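Peer 1: To be precise about what I am sending: the file is called final-v4.pdb and holds PDB, C-alpha atoms.
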```
ATOM      1  CA  MET A1469       0.000   0.000   0.000
ATOM      2  CA  ALA A1470       1.295   3.415  -0.990
ATOM      3  CA  GLY A1471       2.078   5.957   1.734
ATOM      4  CA  LYS A1472       1.618   3.629   4.716
ATOM      5  CA  ASP A1473       3.050   6.142   7.185
ATOM      6  CA  SER A1474       0.903   8.967   5.830
ATOM      7  CA  LEU A1475      -2.177   6.761   5.877
ATOM      8  CA  ALA A1476      -1.515   5.739   9.473
ATOM      9  CA  LEU A1477      -1.259   9.400  10.487
ATOM     10  CA  LEU A1478      -4.397  10.357   8.596
ATOM     11  CA  GLU A1479      -6.346   7.503  10.133
ATOM     12  CA  ARG A1480      -5.397   8.890  13.550
ATOM     13  CA  GLY A1481      -6.779  12.258  12.462
ATOM     14  CA  GLU A1482      -3.373  13.840  11.892
ATOM     15  CA  ILE A1483      -2.448  15.530   8.633
ATOM     16  CA  PRO A1484       1.066  14.888   7.287
ATOM     17  CA  PRO A1485       2.690  18.261   6.513
ATOM     18  CA  ARG A1486       2.893  17.502   2.785
ATOM     19  CA  TYR A1487      -0.914  17.324   2.646
ATOM     20  CA  GLN A1488      -1.713  20.260   4.941
ATOM     21  CA  ARG A1489      -2.613  22.546   2.068
ATOM     22  CA  ASN A1490      -4.923  19.898   0.559
ATOM     23  CA  SER A1491      -6.967  19.291   3.660
ATOM     24  CA  GLY A1492      -9.126  22.410   3.641
ATOM     25  CA  THR A1493     -10.544  21.300   0.290
ATOM     26  CA  ILE A1494     -10.678  17.507   0.452
ATOM     27  CA  GLY A1495     -10.407  16.811   4.187
ATOM     28  CA  ILE A1496      -8.783  13.841   5.879
ATOM     29  CA  ALA A1497     -11.256  11.364   4.383
ATOM     30  CA  GLY A1498     -10.561  12.730   0.903
ATOM     31  CA  GLN A1499      -6.808  12.461   1.367
ATOM     32  CA  ILE A1500      -7.111   8.878   2.571
ATOM     33  CA  ARG A1501      -9.245   8.097  -0.460
ATOM     34  CA  LEU A1502      -6.639   9.572  -2.813
ATOM     35  CA  LEU A1503      -3.775   7.669  -1.194
ATOM     36  CA  GLN A1504      -5.720   4.430  -1.670
ATOM     37  CA  ALA A1505      -6.637   5.211  -5.288
ATOM     38  CA  ARG A1506      -5.318   3.677  -8.502
ATOM     39  CA  VAL A1507      -5.202   5.937 -11.552
ATOM     40  CA  ALA A1508      -3.817   5.365 -15.050
ATOM     41  CA  VAL A1509      -2.509   8.247 -17.143
ATOM     42  CA  VAL A1510      -2.284   7.372 -20.822
ATOM     43  CA  GLY A1511       0.250   9.682 -22.414
ATOM     44  CA  ALA A1512       3.030  11.476 -20.524
ATOM     45  CA  GLY A1513       3.490  14.471 -22.808
ATOM     46  CA  GLY A1514       1.965  17.950 -22.612
ATOM     47  CA  LEU A1515      -1.229  16.984 -20.839
ATOM     48  CA  GLY A1516       0.045  13.864 -19.117
ATOM     49  CA  GLY A1517       3.204  15.404 -17.675
ATOM     50  CA  ASN A1518       1.213  18.091 -15.918
ATOM     51  CA  VAL A1519      -1.482  15.637 -14.781
ATOM     52  CA  ILE A1520       1.099  13.210 -13.364
ATOM     53  CA  GLU A1521       2.911  15.980 -11.497
ATOM     54  CA  LEU A1522      -0.340  17.259  -9.994
ATOM     55  CA  LEU A1523      -1.690  13.812  -9.107
ATOM     56  CA  ALA A1524       1.575  13.034  -7.330
ATOM     57  CA  ARG A1525       1.523  16.281  -5.352
ATOM     58  CA  GLN A1526      -2.149  15.753  -4.539
ATOM     59  CA  GLY A1527      -1.237  12.337  -3.135
ATOM     60  CA  VAL A1528      -2.887   9.815  -5.454
ATOM     61  CA  GLY A1529      -1.341   6.618  -4.159
ATOM     62  CA  PHE A1530      -0.828   4.629  -7.352
ATOM     63  CA  ILE A1531      -0.261   6.003 -10.837
ATOM     64  CA  ARG A1532       0.187   3.779 -13.872
ATOM     65  CA  ILE A1533       1.962   5.783 -16.562
ATOM     66  CA  ILE A1534       1.594   4.545 -20.125
ATOM     67  CA  ASP A1535       3.671   6.025 -22.956
ATOM     68  CA  GLY A1536       5.951   4.368 -25.512
ATOM     69  CA  ASP A1537       7.312   7.652 -26.854
ATOM     70  CA  ARG A1538      10.625   9.397 -26.201
ATOM     71  CA  PHE A1539      11.247  13.065 -25.503
ATOM     72  CA  GLU A1540      12.277  15.141 -28.496
ATOM     73  CA  PRO A1541      13.305  18.800 -28.824
ATOM     74  CA  HIS A1542       9.860  19.855 -30.115
ATOM     75  CA  ASN A1543       8.375  18.672 -26.797
ATOM     76  CA  LEU A1544      10.376  21.223 -24.780
ATOM     77  CA  ASN A1545       7.818  24.035 -25.230
ATOM     78  CA  ARG A1546       5.141  22.315 -23.160
ATOM     79  CA  GLN A1547       5.984  18.895 -21.780
ATOM     80  CA  LEU A1548       6.852  19.254 -18.110
ATOM     81  CA  PHE A1549       9.242  16.305 -18.000
ATOM     82  CA  ALA A1550      11.027  17.200 -21.242
ATOM     83  CA  THR A1551      14.370  18.756 -20.310
ATOM     84  CA  HIS A1552      17.801  18.906 -21.901
ATOM     85  CA  HIS A1553      18.666  15.964 -19.679
ATOM     86  CA  THR A1554      15.703  13.755 -20.644
ATOM     87  CA  LEU A1555      15.799  14.169 -24.444
ATOM     88  CA  GLY A1556      15.795  10.734 -26.040
ATOM     89  CA  MET A1557      14.495   9.023 -22.901
ATOM     90  CA  ASN A1558      11.169   7.197 -22.578
ATOM     91  CA  LYS A1559       8.426   9.513 -21.273
ATOM     92  CA  ALA A1560       6.778   7.013 -18.926
ATOM     93  CA  LEU A1561      10.078   6.109 -17.254
ATOM     94  CA  VAL A1562      11.085   9.766 -16.871
ATOM     95  CA  ALA A1563       7.677  10.609 -15.402
ATOM     96  CA  ALA A1564       7.927   7.796 -12.855
ATOM     97  CA  ALA A1565      11.378   9.024 -11.787
ATOM     98  CA  ARG A1566       9.975  12.515 -11.336
ATOM     99  CA  VAL A1567       7.094  11.252  -9.175
ATOM    100  CA  ALA A1568       9.610   9.468  -6.943
ATOM    101  CA  GLU A1569      11.331  12.829  -6.373
ATOM    102  CA  VAL A1570       8.047  14.634  -5.649
ATOM    103  CA  ASN A1571       6.164  12.258  -3.360
ATOM    104  CA  SER A1572       7.492   9.041  -1.845
ATOM    105  CA  ASP A1573       3.931   8.090  -0.854
ATOM    106  CA  VAL A1574       3.095   7.497  -4.507
ATOM    107  CA  GLN A1575       3.793   4.209  -6.225
ATOM    108  CA  THR A1576       4.144   4.253  -9.996
ATOM    109  CA  HIS A1577       4.031   1.608 -12.656
ATOM    110  CA  ALA A1578       5.711   2.931 -15.779
ATOM    111  CA  ILE A1579       4.792   1.127 -18.976
ATOM    112  CA  PRO A1580       6.984   2.214 -21.916
ATOM    113  CA  GLU A1581       4.450   1.079 -24.506
ATOM    114  CA  MET A1582       1.800   2.707 -26.656
ATOM    115  CA  LEU A1583      -1.819   1.868 -25.922
ATOM    116  CA  ALA A1584      -3.149  -0.325 -28.732
ATOM    117  CA  GLU A1585      -5.950  -2.780 -29.342
ATOM    118  CA  HIS A1586      -3.866  -5.778 -28.263
ATOM    119  CA  ASN A1587      -2.943  -4.339 -24.845
ATOM    120  CA  ALA A1588      -5.624  -1.760 -23.972
ATOM    121  CA  GLU A1589      -7.687  -3.923 -21.627
ATOM    122  CA  THR A1590      -4.638  -5.292 -19.841
ATOM    123  CA  LEU A1591      -3.150  -1.833 -19.338
ATOM    124  CA  LEU A1592      -6.322  -0.396 -17.830
ATOM    125  CA  ASP A1593      -7.235  -3.417 -15.730
ATOM    126  CA  GLY A1594      -7.665  -2.651 -12.036
ATOM    127  CA  MET A1595      -7.686   1.119 -12.443
ATOM    128  CA  GLU A1596     -10.329   3.305 -10.773
ATOM    129  CA  VAL A1597      -9.951   6.304 -13.076
ATOM    130  CA  VAL A1598      -8.189   6.677 -16.427
ATOM    131  CA  VAL A1599      -6.818   9.944 -17.787
ATOM    132  CA  ASP A1600      -6.802  10.528 -21.542
ATOM    133  CA  ALA A1601      -3.641  12.509 -22.214
ATOM    134  CA  LEU A1602      -3.084  11.173 -25.708
ATOM    135  CA  ASP A1603      -2.433  13.087 -28.930
ATOM    136  CA  SER A1604      -4.125  10.781 -31.438
ATOM    137  CA  ILE A1605      -7.866  10.803 -32.012
ATOM    138  CA  ALA A1606      -7.933   7.136 -33.048
ATOM    139  CA  CYS A1607      -6.152   6.142 -29.828
ATOM    140  CA  ARG A1608      -8.513   8.320 -27.791
ATOM    141  CA  LEU A1609     -11.513   6.501 -29.277
ATOM    142  CA  LEU A1610      -9.951   3.122 -28.473
ATOM    143  CA  LEU A1611      -9.275   4.336 -24.928
ATOM    144  CA  SER A1612     -12.854   5.541 -24.500
ATOM    145  CA  GLN A1613     -14.316   2.277 -25.762
ATOM    146  CA  THR A1614     -12.028   0.230 -23.537
ATOM    147  CA  ALA A1615     -12.667   2.308 -20.422
ATOM    148  CA  GLN A1616     -16.425   2.060 -20.951
ATOM    149  CA  LYS A1617     -16.182  -1.690 -21.491
ATOM    150  CA  LEU A1618     -14.183  -2.064 -18.258
ATOM    151  CA  LYS A1619     -16.581   0.341 -16.494
ATOM    152  CA  ILE A1620     -13.844   2.809 -15.538
ATOM    153  CA  PRO A1621     -14.481   6.589 -15.607
ATOM    154  CA  LEU A1622     -12.288   8.366 -18.180
ATOM    155  CA  VAL A1623     -11.172  11.978 -17.938
ATOM    156  CA  HIS A1624     -10.593  13.325 -21.427
ATOM    157  CA  ALA A1625      -8.749  16.426 -22.567
ATOM    158  CA  ALA A1626      -7.410  17.681 -25.866
ATOM    159  CA  ILE A1627      -5.812  20.939 -26.918
ATOM    160  CA  ALA A1628      -4.853  23.014 -29.958
ATOM    161  CA  GLY A1629      -3.553  26.574 -30.001
ATOM    162  CA  PHE A1630      -5.496  28.700 -27.522
ATOM    163  CA  THR A1631      -8.308  26.133 -27.350
ATOM    164  CA  GLY A1632      -8.930  23.046 -25.302
ATOM    165  CA  GLN A1633     -11.617  20.730 -24.007
ATOM    166  CA  VAL A1634     -12.022  18.595 -20.900
ATOM    167  CA  GLY A1635     -14.783  16.138 -20.063
ATOM    168  CA  THR A1636     -15.531  13.021 -18.069
ATOM    169  CA  ILE A1637     -16.770   9.885 -19.798
ATOM    170  CA  LEU A1638     -18.677   7.544 -17.521
ATOM    171  CA  PRO A1639     -19.226   3.863 -18.329
ATOM    172  CA  ASP A1640     -22.939   4.328 -18.959
ATOM    173  CA  GLY A1641     -22.772   7.840 -20.452
ATOM    174  CA  PRO A1642     -21.909   9.231 -23.880
ATOM    175  CA  GLY A1643     -18.498   8.140 -25.169
ATOM    176  CA  LEU A1644     -15.811  10.052 -27.010
ATOM    177  CA  ASP A1645     -17.518   9.144 -30.271
ATOM    178  CA  LYS A1646     -19.781  12.088 -29.409
ATOM    179  CA  VAL A1647     -16.732  14.354 -29.437
ATOM    180  CA  TYR A1648     -15.114  12.741 -32.470
ATOM    181  CA  PRO A1649     -18.067  11.498 -34.553
ATOM    182  CA  THR A1650     -16.172  11.478 -37.826
ATOM    183  CA  ASN A1651     -13.180   9.361 -38.683
ATOM    184  CA  ILE A1652     -10.146  11.527 -39.352
ATOM    185  CA  PRO A1653      -7.592   9.577 -41.393
ATOM    186  CA  SER A1654      -4.645  11.541 -39.976
ATOM    187  CA  GLY A1655      -5.840  11.008 -36.405
ATOM    188  CA  LYS A1656      -5.128  14.683 -35.766
ATOM    189  CA  GLY A1657      -7.239  17.792 -35.311
ATOM    190  CA  ILE A1658      -6.582  21.498 -35.726
ATOM    191  CA  GLU A1659      -3.424  21.259 -33.622
ATOM    192  CA  THR A1660      -1.670  20.516 -36.910
ATOM    193  CA  LEU A1661      -2.451  24.148 -37.859
ATOM    194  CA  LEU A1662      -2.400  25.895 -34.476
ATOM    195  CA  GLY A1663       0.302  23.955 -32.681
ATOM    196  CA  THR A1664       0.313  23.232 -28.954
ATOM    197  CA  PRO A1665       1.734  26.158 -26.929
ATOM    198  CA  GLY A1666       2.687  25.386 -23.345
ATOM    199  CA  PRO A1667       0.032  27.178 -21.280
ATOM    200  CA  THR A1668      -2.859  25.413 -23.020
ATOM    201  CA  PRO A1669      -2.069  21.839 -21.918
ATOM    202  CA  ALA A1670      -1.165  23.114 -18.444
ATOM    203  CA  LEU A1671      -4.649  24.639 -18.089
ATOM    204  CA  ALA A1672      -6.434  21.572 -19.449
ATOM    205  CA  ALA A1673      -4.322  19.239 -17.288
ATOM    206  CA  ALA A1674      -5.132  21.181 -14.118
ATOM    207  CA  ILE A1675      -8.842  20.782 -14.807
ATOM    208  CA  GLN A1676      -8.355  17.105 -15.670
ATOM    209  CA  THR A1677      -6.557  16.510 -12.384
ATOM    210  CA  GLN A1678      -9.339  18.127 -10.399
ATOM    211  CA  GLU A1679     -11.806  15.920 -12.265
ATOM    212  CA  VAL A1680      -9.877  12.878 -11.039
ATOM    213  CA  VAL A1681      -9.910  14.228  -7.491
ATOM    214  CA  LYS A1682     -13.646  14.949  -7.657
ATOM    215  CA  ILE A1683     -14.433  11.500  -9.056
ATOM    216  CA  LEU A1684     -12.367   9.749  -6.390
ATOM    217  CA  THR A1685     -13.482  11.795  -3.397
ATOM    218  CA  GLY A1686     -17.056  12.522  -4.427
ATOM    219  CA  ILE A1687     -16.460  16.186  -3.636
ATOM    220  CA  GLY A1688     -17.823  18.817  -6.051
ATOM    221  CA  GLN A1689     -19.493  18.300  -9.409
ATOM    222  CA  THR A1690     -17.752  16.473 -12.216
ATOM    223  CA  LEU A1691     -17.957  17.132 -15.950
ATOM    224  CA  ALA A1692     -19.672  13.769 -16.501
ATOM    225  CA  GLY A1693     -21.466  13.797 -19.845
ATOM    226  CA  LYS A1694     -20.226  17.327 -20.454
ATOM    227  CA  LEU A1695     -17.401  19.020 -22.278
ATOM    228  CA  PHE A1696     -15.732  22.099 -20.857
ATOM    229  CA  TYR A1697     -14.502  24.058 -23.869
ATOM    230  CA  PHE A1698     -12.159  27.007 -23.631
ATOM    231  CA  ASP A1699     -10.580  29.468 -26.005
ATOM    232  CA  ILE A1700      -8.103  31.534 -24.013
ATOM    233  CA  GLY A1701      -7.486  33.749 -27.028
ATOM    234  CA  LEU A1702     -11.058  35.084 -26.935
ATOM    235  CA  ASN A1703     -11.847  34.425 -23.244
ATOM    236  CA  ILE A1704     -14.528  31.885 -24.129
ATOM    237  CA  TYR A1705     -15.338  29.275 -21.454
ATOM    238  CA  GLU A1706     -18.373  27.088 -22.099
ATOM    239  CA  ILE A1707     -19.905  23.887 -20.772
ATOM    240  CA  LEU A1708     -21.392  21.736 -23.545
ATOM    241  CA  LEU A1709     -23.718  18.770 -23.039
ATOM    242  CA  LEU A1710     -22.669  15.634 -24.902
TER     243      LEU A1710
ATOM    244  CA  MET B 430     -36.704  32.255 -38.687
ATOM    245  CA  ARG B 431     -33.580  33.745 -37.221
ATOM    246  CA  VAL B 432     -30.884  31.650 -35.568
ATOM    247  CA  GLU B 433     -27.578  32.514 -33.973
ATOM    248  CA  LEU B 434     -24.500  30.770 -35.301
ATOM    249  CA  ARG B 435     -21.209  30.651 -33.438
ATOM    250  CA  LEU B 436     -18.078  29.410 -35.127
ATOM    251  CA  TYR B 437     -15.179  28.256 -33.005
ATOM    252  CA  ALA B 438     -11.412  28.238 -33.526
ATOM    253  CA  THR B 439     -10.381  27.602 -37.130
ATOM    254  CA  LEU B 440     -14.003  27.601 -38.353
ATOM    255  CA  ARG B 441     -14.113  31.366 -37.812
ATOM    256  CA  ARG B 442     -12.327  31.853 -41.107
ATOM    257  CA  PHE B 443     -15.603  31.003 -42.865
ATOM    258  CA  ALA B 444     -17.123  34.215 -41.436
ATOM    259  CA  PRO B 445     -14.171  36.589 -41.128
ATOM    260  CA  ASN B 446     -16.360  39.641 -40.554
ATOM    261  CA  ALA B 447     -18.377  38.117 -37.700
ATOM    262  CA  GLU B 448     -17.113  39.531 -34.419
ATOM    263  CA  GLY B 449     -16.078  36.682 -32.125
ATOM    264  CA  GLY B 450     -17.273  34.236 -34.769
ATOM    265  CA  ALA B 451     -20.947  34.961 -33.984
ATOM    266  CA  LEU B 452     -23.556  35.869 -36.592
ATOM    267  CA  PHE B 453     -27.320  35.822 -37.042
ATOM    268  CA  VAL B 454     -28.716  33.957 -40.026
ATOM    269  CA  GLU B 455     -32.206  33.954 -41.558
ATOM    270  CA  MET B 456     -33.311  30.416 -42.393
ATOM    271  CA  PRO B 457     -36.562  29.047 -43.833
ATOM    272  CA  GLU B 458     -38.928  27.218 -41.479
ATOM    273  CA  GLY B 459     -38.018  23.564 -41.155
ATOM    274  CA  ALA B 460     -34.364  24.097 -41.989
ATOM    275  CA  SER B 461     -31.805  21.739 -40.443
ATOM    276  CA  ALA B 462     -28.374  22.376 -39.010
ATOM    277  CA  ALA B 463     -26.919  20.926 -42.213
ATOM    278  CA  ASP B 464     -28.892  23.510 -44.223
ATOM    279  CA  LEU B 465     -27.425  26.269 -42.065
ATOM    280  CA  ILE B 466     -23.891  24.969 -42.541
ATOM    281  CA  ALA B 467     -24.435  24.902 -46.305
ATOM    282  CA  LYS B 468     -25.900  28.418 -46.345
ATOM    283  CA  VAL B 469     -22.922  29.980 -44.581
ATOM    284  CA  LYS B 470     -20.545  27.880 -46.693
ATOM    285  CA  VAL B 471     -18.728  26.234 -43.800
ATOM    286  CA  ASP B 472     -16.902  23.064 -44.851
ATOM    287  CA  ALA B 473     -19.070  20.403 -43.176
ATOM    288  CA  GLY B 474     -16.102  18.038 -43.140
ATOM    289  CA  GLU B 475     -14.372  20.322 -40.637
ATOM    290  CA  VAL B 476     -17.319  20.358 -38.211
ATOM    291  CA  HIS B 477     -16.879  17.697 -35.547
ATOM    292  CA  ILE B 478     -19.056  18.917 -32.725
ATOM    293  CA  LEU B 479     -22.395  20.518 -33.473
ATOM    294  CA  MET B 480     -24.238  22.068 -30.572
ATOM    295  CA  VAL B 481     -27.807  23.345 -30.587
ATOM    296  CA  ASN B 482     -28.556  25.376 -27.470
ATOM    297  CA  GLY B 483     -25.509  23.891 -25.765
ATOM    298  CA  ARG B 484     -26.407  20.257 -26.445
ATOM    299  CA  SER B 485     -24.622  17.914 -28.847
ATOM    300  CA  SER B 486     -26.885  17.426 -31.873
ATOM    301  CA  PRO B 487     -26.844  15.670 -35.251
ATOM    302  CA  PHE B 488     -26.545  17.505 -38.568
ATOM    303  CA  VAL B 489     -30.156  16.617 -39.372
ATOM    304  CA  GLN B 490     -31.391  18.470 -36.280
ATOM    305  CA  ARG B 491     -34.333  20.744 -37.190
ATOM    306  CA  LEU B 492     -33.800  24.310 -36.097
ATOM    307  CA  ALA B 493     -36.247  26.662 -34.410
ATOM    308  CA  GLU B 494     -36.496  30.428 -34.059
ATOM    309  CA  GLY B 495     -33.828  31.752 -31.714
ATOM    310  CA  ASP B 496     -31.743  28.574 -31.616
ATOM    311  CA  ARG B 497     -28.065  29.000 -30.854
ATOM    312  CA  ILE B 498     -25.898  26.744 -32.992
ATOM    313  CA  GLY B 499     -22.227  26.178 -32.227
ATOM    314  CA  LEU B 500     -19.807  24.539 -34.649
ATOM    315  CA  PHE B 501     -16.493  23.159 -33.385
ATOM    316  CA  PRO B 502     -13.564  21.626 -35.266
ATOM    317  CA  ALA B 503     -11.746  18.547 -33.952
ATOM    318  CA  ILE B 504      -9.136  19.203 -31.295
ATOM    319  CA  GLY B 505      -6.741  16.330 -30.723
ATOM    320  CA  GLY B 506      -3.449  17.639 -29.336
ATOM    321  CA  GLY B 507      -1.911  16.596 -26.053
TER     322      GLY B 507
END
```
Can you turn what I pasted into structure tokens?
Peer 2:
Amino acid sequence: MAGKDSLALLERGEIPPRYQRNSGTIGIAGQIRLLQARVAVVGAGGLGGNVIELLARQGVGFIRIIDGDRFEPHNLNRQLFATHHTLGMNKALVAAARVAEVNSDVQTHAIPEMLAEHNAETLLDGMEVVVDALDSIACRLLLSQTAQKLKIPLVHAAIAGFTGQVGTILPDGPGLDKVYPTNIPSGKGIETLLGTPGPTPALAAAIQTQEVVKILTGIGQTLAGKLFYFDIGLNIYEILLL
Amino acid sequence: MRVELRLYATLRRFAPNAEGGALFVEMPEGASAADLIAKVKVDAGEVHILMVNGRSSPFVQRLAEGDRIGLFPAIGGG
């Protein structure tokens, strides 16, 4: 069990110093719930790097990190774990090493593989929440289908330019085929035109992380069946019903 | 009938004079969202999410006076 010492303190009603600033929002029961939780993050790039960092600091006890890609120079503008030192290294392995530096309560399982049809169910098995931090629409659809089949809530996000979207897909709710109803041969959206500047994934990832926290703790209202859409360039922030 | 159309992100280029990508369009009674898209000459292939009054809707959705229609391109980056 992750964070045994922290859990023991929390169960006695004491808050470990590293979680003091969490407790006003999620309380002791919420922190215990997070430390006992198992979350998979699929993709450890622009979205995933930020999500993993925030989940670790929040104290989510087990994070499975799935990414077969390696850091390249064009990742440096936005991917938190892309540094001069990590170029050429596998993203999942680098992310797990970072989590170990941030929070020793958190156990990680780094899987240096891409999610695909042959391994999707195995990779998500046993997870309580899955985070979609991918950059391919085809892979996102596979992830959504698999998560729904396994009855695991999925927190989706995608970004391009100043725009982004975040939503929660529940097992019995609308799937990502509502967001991506048309097959796109390239598997890409308008990010091929607008790029992916650093602040946009950081914003989307922060909202994604809070979705995970809300789902796990039951605190607040999730974006289940909804899509939060933002365009920072024009200060547009809308909630859409899927 | 008169409906409000909002174009998002790259779809705004189909109505470059519409401030914030929003414009009002006169449509005949019984018109569908697909008819609206054709009238304003938006490339339907670039529309991935179609919202009518904030709710995801199909292209064949019949429109009514005062409806707010939002058209979104696909966003896939991470």
Peer 1: Could the residues of chain A within 6 Å of chain B, counting only C-alpha atoms, be given as a VMD selection string, please?
Peer 2: chain A and resid 1514 to 1515 1601 to 1603 1605 1626 to 1628 1656 to 1659 1708 to 1710
Peer 1: Between atom CA of A:Thr1690 and atom CA of A:Thr1677, what is the distance in Å, rounded to a tenth?
Peer 2: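 Computing the Euclidean distance for atom CA of A:Thr1690 and atom CA of A:Thr1677 yields 11.2 Å.
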Peer 1: Can you pull out the residues contacting A:Gln1547? Cut-off 12 Å, using all atoms listed in the file, and skip same-chain residues under 6 positions away; I want them as a ChimeraX atom specification.
Peer 2: /A:1511-1521,1538-1541,1554-1555,1559,1562-1563,1601,1664-1670,1673 /B:507
Peer 1: Quick one: write out the picked residues with C-alpha atoms as a CSV table (one decimal), in the frame of the given file?
Peer 2:
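Saved file again_38.csv follows:
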```csv
chain,number,residue,atom,x,y,z
A,1511,GLY,CA,0.2,9.7,-22.4
A,1512,ALA,CA,3.0,11.5,-20.5
A,1513,GLY,CA,3.5,14.5,-22.8
A,1514,GLY,CA,2.0,18.0,-22.6
A,1515,LEU,CA,-1.2,17.0,-20.8
A,1516,GLY,CA,0.0,13.9,-19.1
A,1517,GLY,CA,3.2,15.4,-17.7
A,1518,ASN,CA,1.2,18.1,-15.9
A,1519,VAL,CA,-1.5,15.6,-14.8
A,1520,ILE,CA,1.1,13.2,-13.4
A,1521,GLU,CA,2.9,16.0,-11.5
A,1538,ARG,CA,10.6,9.4,-26.2
A,1539,PHE,CA,11.2,13.1,-25.5
A,1540,GLU,CA,12.3,15.1,-28.5
A,1541,PRO,CA,13.3,18.8,-28.8
A,1554,THR,CA,15.7,13.8,-20.6
A,1555,LEU,CA,15.8,14.2,-24.4
A,1559,LYS,CA,8.4,9.5,-21.3
A,1562,VAL,CA,11.1,9.8,-16.9
A,1563,ALA,CA,7.7,10.6,-15.4
A,1601,ALA,CA,-3.6,12.5,-22.2
A,1664,THR,CA,0.3,23.2,-29.0
A,1665,PRO,CA,1.7,26.2,-26.9
A,1666,GLY,CA,2.7,25.4,-23.3
A,1667,PRO,CA,0.0,27.2,-21.3
A,1668,THR,CA,-2.9,25.4,-23.0
A,1669,PRO,CA,-2.1,21.8,-21.9
A,1670,ALA,CA,-1.2,23.1,-18.4
A,1673,ALA,CA,-4.3,19.2,-17.3
B,507,GLY,CA,-1.9,16.6,-26.1
```
Peer 1: Expand the PyMOL selection byres ((chain A and resi 1536) around 10) into the explicit residue set it covers here, and present it as a PyMOL selection string.
Peer 2: chain A and resi 1510-1512+1533-1535+1537-1538+1558-1561+1578-1583
Peer 1: Counting all atoms listed in the file, what is within 8 Å of B:Val489, bar same-chain residues fewer than 2 positions away, as a ChimeraX atom specification?
Peer 2: /B:461-463,487,491
Peer 1: Take the residues that were just selected and, keeping C-alpha atoms, output them as a PDB file, keeping the file's coordinate frame.
Peer 2:
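Okay, this is what ended up in out.pdb:
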```pdb
ATOM      1  CA  SER B 461     -31.805  21.739 -40.443  1.00  0.00           C
ATOM      2  CA  ALA B 462     -28.374  22.376 -39.010  1.00  0.00           C
ATOM      3  CA  ALA B 463     -26.919  20.926 -42.213  1.00  0.00           C
ATOM      4  CA  PRO B 487     -26.844  15.670 -35.251  1.00  0.00           C
ATOM      5  CA  ARG B 491     -34.333  20.744 -37.190  1.00  0.00           C
TER       6      ARG B 491
END
```
Peer 1: Enter the distance from atom CA of A:Val1681 to atom CA of A:Val1574, in Å, rounded to one decimal.
Peer 2: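 These atoms are spaced 14.9 Å apart.
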Peer 1: Report as a VMD selection string the full result of the PyMOL selection byres ((chain A and resi 1575) around 12) when it is applied to this structure.
Peer 2: chain A and resid 1469 to 1472 1503 to 1508 1520 1523 to 1524 1527 to 1533 1563 to 1574 1576 to 1578
Peer 1: As an exercise, work out the distance from atom CA of B:Ile498 to atom CA of B:Leu434 in Å and give it to one decimal place.
Peer 2: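 Value for the atom CA of B:Ile498-atom CA of B:Leu434 distance: 4.8 Å.
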Peer 1: Contacts of B:Asp464 at 10 Å or less, counting only C-alpha atoms, minus same-chain residues fewer than 3 places along, as a ChimeraX atom specification?
Peer 2: /B:456-457,459-461,467-470,488-492
Peer 1: For A:Asn1651, which of A:Lys1694, A:Lys1619, A:His1624, A:Arg1608 is the closest residue, counting all atoms listed in the file?
Peer 2: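 With all atoms listed in the file as the atom set, the closest residue is A:Arg1608.
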Peer 1: Restricting the calculation to all atoms listed in the file: of A:Gln1499, A:Val1647, A:Gln1689, A:Thr1631, which residue gets closest to A:Leu1702?
Peer 2: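 Looking only at the distances to A:Leu1702, the closest residue turns out to be A:Thr1631.
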Peer 1: Using the chain letters and numbers from the file, which residues does the PyMOL selection byres ((chain A and resi 1594-1598) around 7) grab, as a ChimeraX atom specification?
Peer 2: /A:1505-1509,1592-1593,1599-1600,1620-1623,1680
Peer 1: Compare A:Ala1606, A:Ile1500, A:Ile1494, A:Leu1544 by their minimum atom-to-atom distance to A:Lys1682, counting all atoms listed in the file, and give me the closest one.
Peer 2: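 Checking each candidate against A:Lys1682, we get A:Ile1494 as the closest.
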Peer 1: I'd like the neighbourhood of B:Met430 as a tab-separated table (two decimals) with C-alpha atoms, keeping the file's coordinate frame, where a residue qualifies if any of its atoms comes within 9 Å (using all atoms listed in the file), though same-chain residues fewer than 2 positions away should be ignored.
Peer 2:
```
chain	number	residue	atom	x	y	z
B	432	VAL	CA	-30.88	31.65	-35.57
B	454	VAL	CA	-28.72	33.96	-40.03
B	455	GLU	CA	-32.21	33.95	-41.56
B	456	MET	CA	-33.31	30.42	-42.39
B	457	PRO	CA	-36.56	29.05	-43.83
B	458	GLU	CA	-38.93	27.22	-41.48
B	492	LEU	CA	-33.80	24.31	-36.10
B	493	ALA	CA	-36.25	26.66	-34.41
B	494	GLU	CA	-36.50	30.43	-34.06
B	495	GLY	CA	-33.83	31.75	-31.71
```
Peer 1: With all atoms listed in the file as the counted atoms, please give the residues lying no more than 10 Å from stretch 1481-1492 of chain A, apart from itself and same-chain residues fewer than 5 positions off, as a ChimeraX atom specification.
Peer 2: /A:1473-1476,1497-1499,1525-1527,1571
